[in-house]
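Heads up, the thing below is written out as structure tokens.
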Amino acid sequence: MKAITTSLSHLFQTRLGACKSLIWLAILMLVMISGCSIGDKIDKATDKVSDIAGDTVAALDGAIDALDRNSSSWQTILQDTTQQLTADAQSTIRNEVSDLLNRSVAATGTELRCNADFIGARVRQALVRIRARLLHQSVPPVEPALCHVTPAAVDMALDASRRNRLEFFGYDFDTTPIKVTLQDKSRTLDVSSSLDRLTHYHMTLNLGANGVPVSSASDRLILEWQDRPISSIAVIQPATPVCREKTETYTRSTYLSYTPPHTRGDKEYSGNGPEVWATANWINDGTHVNLRLWMKAKETRSDWTTAEGERTESYYTAPSGWRIDSIQGNVESSAHYVDTDHNDDRQGGGPNGPVKEFKFRGDRDGDDAGSYTGVDVTFNPLVVKLVEVANCAPASTVKTLQIKGLIAPDTIKRMQPMMLKLQPK
């Protein structure tokens, strides 16, 4: 009896996730009450642990699949997923999904400057992290997303009361450190202490008398995440010029091949599909455009064999002295179909996103997931708007400030001739 109790206590201490620990605790109590005739009870309880874990993963997979099809329906998808997690042992995951729903709903107020598809994409990323923790897999980091800055630059010619703060709108501001620096002509000063996170989607930076010491020597404010700039806000001084801007087109003739790892089932699709999804995104980090390619191939029945993963690589680098202001055209291409044979399948990405064509490898004789199933992508031209890296203010920023009344008339009068001169002929 003592040996059995000790063995089960060890199993409890080395549990496989929060939901399983509750089951093992129940087993331990059962042993103490029922004595030594418990072999069948242990087997049934172990099966129950497996069933609950499997049902939980299946519910998360279903939600992620639904978001892949229609990310703008994230609210309904999260509500349905919460209702599916009914077992007591699923309470931890159910609470996480419910918290995610409440967090995302709160972020849809008038202050949020990001669209519904953007929120859906962030919800999907959060569900992937929940599933990874449940399966004891590597959990992707939470990267803050910045959608809008008000004002887009700080005009020192304005009265101090009209330039006393900056507002940042986005997502996941509360989950990771964000650094703010003030760049002067001779120094870089860490002013992160003046950054106030009002919510996970709204931050303010105090530029008042007790905040960031913006002065006649200041050039710009920079937000950083993991030592990478995510936003640059010019400080417009009496002599600040208008930045030069230009458009550049980059074309890559080679293709990219990706085989996602096996994540579920026996690796063999056996003619049951797979159902295939793929998404390619161009991501602008200021100095580079990165390509993020995600693919998922899931069996349509049986043990639901699945291959899923993503690959990110540097695609384009801005020339020295310039930064990437924006990407022209669509930044995402996607494909979705069900494989019905052993042939390669070509799916057009379209002329306006990253991918010109997806060429998929789905099912074949023998093992598929993790070794064969994958995709080759060919690319459309990438068109980027470049802005000069200097102590200057972009013309587009100046125009935005003028529309919102956040720039002094004298500053506009001084900059107007430069803006006209820099306009493309």
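Naming works like this for the structure tokens: A, B, ... for the chains as they're shown, residue 1 at the start of each chain, ligands 1 onward in shown order.
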
Next on the checklist: I'd like the neighbourhood of A:Lys359 as a ChimeraX atom specification, where a residue qualifies if any of its atoms comes within 9 Å (using only C-alpha atoms), though same-chain residues fewer than 5 positions away should be ignored.
Outcome noted: /A:344-348,374-378

Item to check | Nearest to A:Leu198, chosen from A:Asp155, A:Asp99, A:Asp266, A:Asp172, with only C-alpha atoms counted in the distances | outcome: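 Nearest to A:Leu198: A:Asp172.
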
Checklist entry - Neighbours of stretch 68-73 of chain A within 12 Å (only C-alpha atoms; same-chain residues fewer than 5 positions away dropped), as a ChimeraX atom specification? => result /A:61-63,78-80,101,104-105,108,115-125,127-128,275-279,294-296,334-337

Checklist entry - What lies within 8 Å of A:Ala393 using only C-alpha atoms, ignoring chain neighbours under 4 positions off, as a PyMOL selection string? => result chain A and resi 153+234-236+240-243+397-398

Residues just named, written with all heavy atoms as a compact mmCIF listing (two decimals), in the first residue's frame:
# COMPACT_ATOMS: atom_id res chain seq x y z
N ALA A 153 4.77 63.34 -34.96
CA ALA A 153 6.03 64.05 -34.69
C ALA A 153 5.73 65.13 -33.67
O ALA A 153 4.57 65.49 -33.43
CB ALA A 153 6.61 64.64 -35.97
N ALA A 234 9.96 62.01 -34.90
CA ALA A 234 10.84 63.16 -35.09
C ALA A 234 10.46 64.29 -34.14
O ALA A 234 9.28 64.52 -33.86
CB ALA A 234 10.78 63.63 -36.53
N VAL A 235 11.47 65.01 -33.65
CA VAL A 235 11.27 66.25 -32.91
C VAL A 235 11.64 67.39 -33.87
O VAL A 235 12.80 67.54 -34.25
CB VAL A 235 12.14 66.30 -31.64
CG1 VAL A 235 11.93 67.63 -30.92
CG2 VAL A 235 11.81 65.14 -30.72
N ILE A 236 10.63 68.15 -34.28
CA ILE A 236 10.82 69.18 -35.30
C ILE A 236 11.33 70.46 -34.65
O ILE A 236 10.65 71.07 -33.81
CB ILE A 236 9.52 69.45 -36.07
CG1 ILE A 236 9.01 68.16 -36.72
CG2 ILE A 236 9.71 70.54 -37.12
CD1 ILE A 236 7.67 68.30 -37.40
N THR A 240 14.89 71.95 -38.66
CA THR A 240 14.68 70.57 -39.12
C THR A 240 14.19 70.57 -40.57
O THR A 240 13.16 71.18 -40.87
CB THR A 240 13.66 69.86 -38.23
OG1 THR A 240 14.15 69.82 -36.89
CG2 THR A 240 13.44 68.43 -38.72
N PRO A 241 14.88 69.88 -41.46
CA PRO A 241 14.43 69.83 -42.86
C PRO A 241 13.40 68.71 -43.08
O PRO A 241 13.12 67.92 -42.18
CB PRO A 241 15.73 69.51 -43.62
CG PRO A 241 16.51 68.67 -42.65
CD PRO A 241 16.17 69.20 -41.26
N VAL A 242 12.86 68.67 -44.29
CA VAL A 242 11.97 67.58 -44.70
C VAL A 242 12.83 66.44 -45.24
O VAL A 242 13.76 66.67 -46.02
CB VAL A 242 10.97 68.06 -45.77
CG1 VAL A 242 10.11 66.90 -46.25
CG2 VAL A 242 10.09 69.18 -45.21
N CYS A 243 12.53 65.22 -44.80
CA CYS A 243 13.29 64.05 -45.26
C CYS A 243 13.02 63.78 -46.74
O CYS A 243 11.90 63.95 -47.23
CB CYS A 243 12.90 62.80 -44.47
SG CYS A 243 13.17 62.91 -42.70
N THR A 397 4.48 62.71 -42.67
CA THR A 397 4.22 63.04 -41.27
C THR A 397 3.80 64.49 -41.13
O THR A 397 2.87 64.83 -40.39
CB THR A 397 5.47 62.77 -40.42
OG1 THR A 397 5.77 61.38 -40.44
CG2 THR A 397 5.28 63.22 -38.98
N VAL A 398 4.48 65.38 -41.85
CA VAL A 398 4.15 66.81 -41.81
C VAL A 398 2.71 67.02 -42.28
O VAL A 398 1.95 67.79 -41.68
CB VAL A 398 5.14 67.62 -42.66
CG1 VAL A 398 4.71 69.08 -42.73
CG2 VAL A 398 6.55 67.51 -42.09

Checklist entry - Using only C-alpha atoms, which residue out of A:Thr254, A:Thr247, A:Asn206, A:Ser193 lies closest to A:Ala160? => result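 Of A:Thr254, A:Thr247, A:Asn206, A:Ser193, the one nearest A:Ala160, counting only C-alpha atoms, is A:Asn206.
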
Next on the checklist: Would you compute the distance between atom CA of A:Gly271 and atom CA of A:Ser371? Give it in Å to one decimal.
Outcome noted: 16.5 Å

Item to check | d(atom CA of A:Ala89, atom CA of A:Gly309) in Å | outcome: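 That distance, rounded to one decimal, is 28.1 Å.
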
Checklist entry - What separation in Å, quoted to one decimal, exists between atom CA of A:Gln183 and atom CA of A:Ile324? => result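 Spanning atom CA of A:Gln183 to atom CA of A:Ile324 is a straight-line distance of 19.6 Å.
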
Item to check | Secondary structure check, strand (DSSP E) residues of stretch 248-406 of chain A, as a ChimeraX atom specification | outcome: /A:248-250,256-258,262-264,275-284,288-298,306-317,322-327,332-338,345-348,355-361,374-379,382-388

Checklist entry - Which polymer residues have any atom within 12 Å of an atom of A:Leu406, counting only C-alpha atoms, with same-chain residues fewer than 2 positions away left out, as a PyMOL selection string? => result chain A and resi 150-166+236+397-404+408-409+411-412

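The list of residues with at least one atom within 6 Å of A:Ser333, based on only C-alpha atoms and without residues fewer than 3 positions apart in the same chain, reads Thr279, Ala280, Gly349, Gly353, Pro354 and Val355 of chain A.
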
Checklist entry - Please, which residues of stretch 83-186 of chain A, numbered as in this document, come out helix (DSSP H, G or I) from DSSP, as a PyMOL selection string? => result chain A and resi 83-84+88-106+116-134+160-162

Item to check | Pick from A:Leu386, A:Trp304, A:Pro261, A:Met418 nearest to A:Trp322, counting only C-alpha atoms | outcome: A:Leu386

Checklist entry - Quick one: residues within 12 Å of A:Trp225, only C-alpha atoms counted, chain neighbours fewer than 4 positions away excluded, as a list in words? => result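 Here the answer would be Pro141, Val142, Glu143, Pro144, Ala145, Leu146, Asp172, Phe173, Thr175, Thr176, Pro177, Ile178, Lys179, Val180, Thr181, Ser192, Pro229, Ile230, Ser231 and Asp285 of chain A.
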
Dump N, CA, C and O atoms for the selected residues as a short mmCIF file (atom, residue, chain, number, x, y, z; two decimals), in the first residue's frame?
data_model
loop_
_atom_site.label_atom_id
_atom_site.label_comp_id
_atom_site.auth_asym_id
_atom_site.auth_seq_id
_atom_site.Cartn_x
_atom_site.Cartn_y
_atom_site.Cartn_z
N PRO A 141 7.58 34.01 -28.40
CA PRO A 141 7.54 35.22 -27.57
C PRO A 141 6.38 36.12 -27.94
O PRO A 141 5.86 36.07 -29.06
N VAL A 142 5.94 36.93 -26.98
CA VAL A 142 4.87 37.90 -27.23
C VAL A 142 5.52 39.21 -27.67
O VAL A 142 6.20 39.87 -26.90
N GLU A 143 5.31 39.56 -28.93
CA GLU A 143 5.89 40.79 -29.46
C GLU A 143 4.83 41.88 -29.48
O GLU A 143 3.74 41.69 -30.01
N PRO A 144 5.11 43.06 -28.90
CA PRO A 144 4.13 44.13 -28.96
C PRO A 144 3.92 44.59 -30.40
O PRO A 144 4.84 44.52 -31.23
N ALA A 145 2.72 45.03 -30.72
CA ALA A 145 2.41 45.52 -32.05
C ALA A 145 1.96 46.97 -31.97
O ALA A 145 1.08 47.30 -31.16
N LEU A 146 2.54 47.83 -32.77
CA LEU A 146 2.22 49.25 -32.76
C LEU A 146 1.44 49.59 -34.03
O LEU A 146 1.90 49.31 -35.14
N ASP A 172 -0.72 44.17 -26.88
CA ASP A 172 0.26 43.45 -26.05
C ASP A 172 1.38 44.34 -25.55
O ASP A 172 2.55 43.96 -25.51
N PHE A 173 1.01 45.54 -25.11
CA PHE A 173 2.01 46.44 -24.54
C PHE A 173 2.42 46.03 -23.12
O PHE A 173 3.44 46.50 -22.62
N THR A 175 2.98 42.87 -21.83
CA THR A 175 3.55 41.54 -21.64
C THR A 175 5.06 41.49 -21.78
O THR A 175 5.66 40.43 -21.55
N THR A 176 5.69 42.58 -22.15
CA THR A 176 7.12 42.56 -22.40
C THR A 176 7.67 43.97 -22.23
O THR A 176 6.96 44.96 -22.47
N PRO A 177 8.93 44.13 -21.79
CA PRO A 177 9.49 45.47 -21.60
C PRO A 177 9.60 46.24 -22.93
O PRO A 177 9.99 45.67 -23.96
N ILE A 178 9.24 47.51 -22.90
CA ILE A 178 9.39 48.41 -24.04
C ILE A 178 10.25 49.58 -23.59
O ILE A 178 10.00 50.18 -22.54
N LYS A 179 11.25 49.88 -24.36
CA LYS A 179 12.21 50.93 -24.00
C LYS A 179 11.97 52.17 -24.87
O LYS A 179 11.67 52.05 -26.06
N VAL A 180 12.11 53.35 -24.26
CA VAL A 180 12.01 54.61 -25.00
C VAL A 180 13.28 55.41 -24.78
O VAL A 180 13.73 55.56 -23.63
N THR A 181 13.86 55.91 -25.87
CA THR A 181 15.06 56.73 -25.75
C THR A 181 14.84 58.07 -26.45
O THR A 181 14.11 58.16 -27.45
N SER A 192 12.37 55.72 -20.45
CA SER A 192 11.29 54.73 -20.33
C SER A 192 10.43 54.97 -19.09
O SER A 192 9.26 54.56 -19.07
N PRO A 229 14.36 48.90 -32.95
CA PRO A 229 13.42 50.03 -33.04
C PRO A 229 12.09 49.58 -33.63
O PRO A 229 12.05 48.87 -34.63
N ILE A 230 10.99 50.00 -33.00
CA ILE A 230 9.67 49.71 -33.54
C ILE A 230 8.93 50.99 -33.90
O ILE A 230 7.88 50.93 -34.56
N SER A 231 9.45 52.15 -33.51
CA SER A 231 8.86 53.42 -33.91
C SER A 231 9.88 54.53 -33.70
O SER A 231 10.66 54.49 -32.75
N ASP A 285 10.44 45.85 -40.33
CA ASP A 285 11.00 46.23 -39.04
C ASP A 285 11.85 47.50 -39.13
O ASP A 285 12.61 47.82 -38.22
#
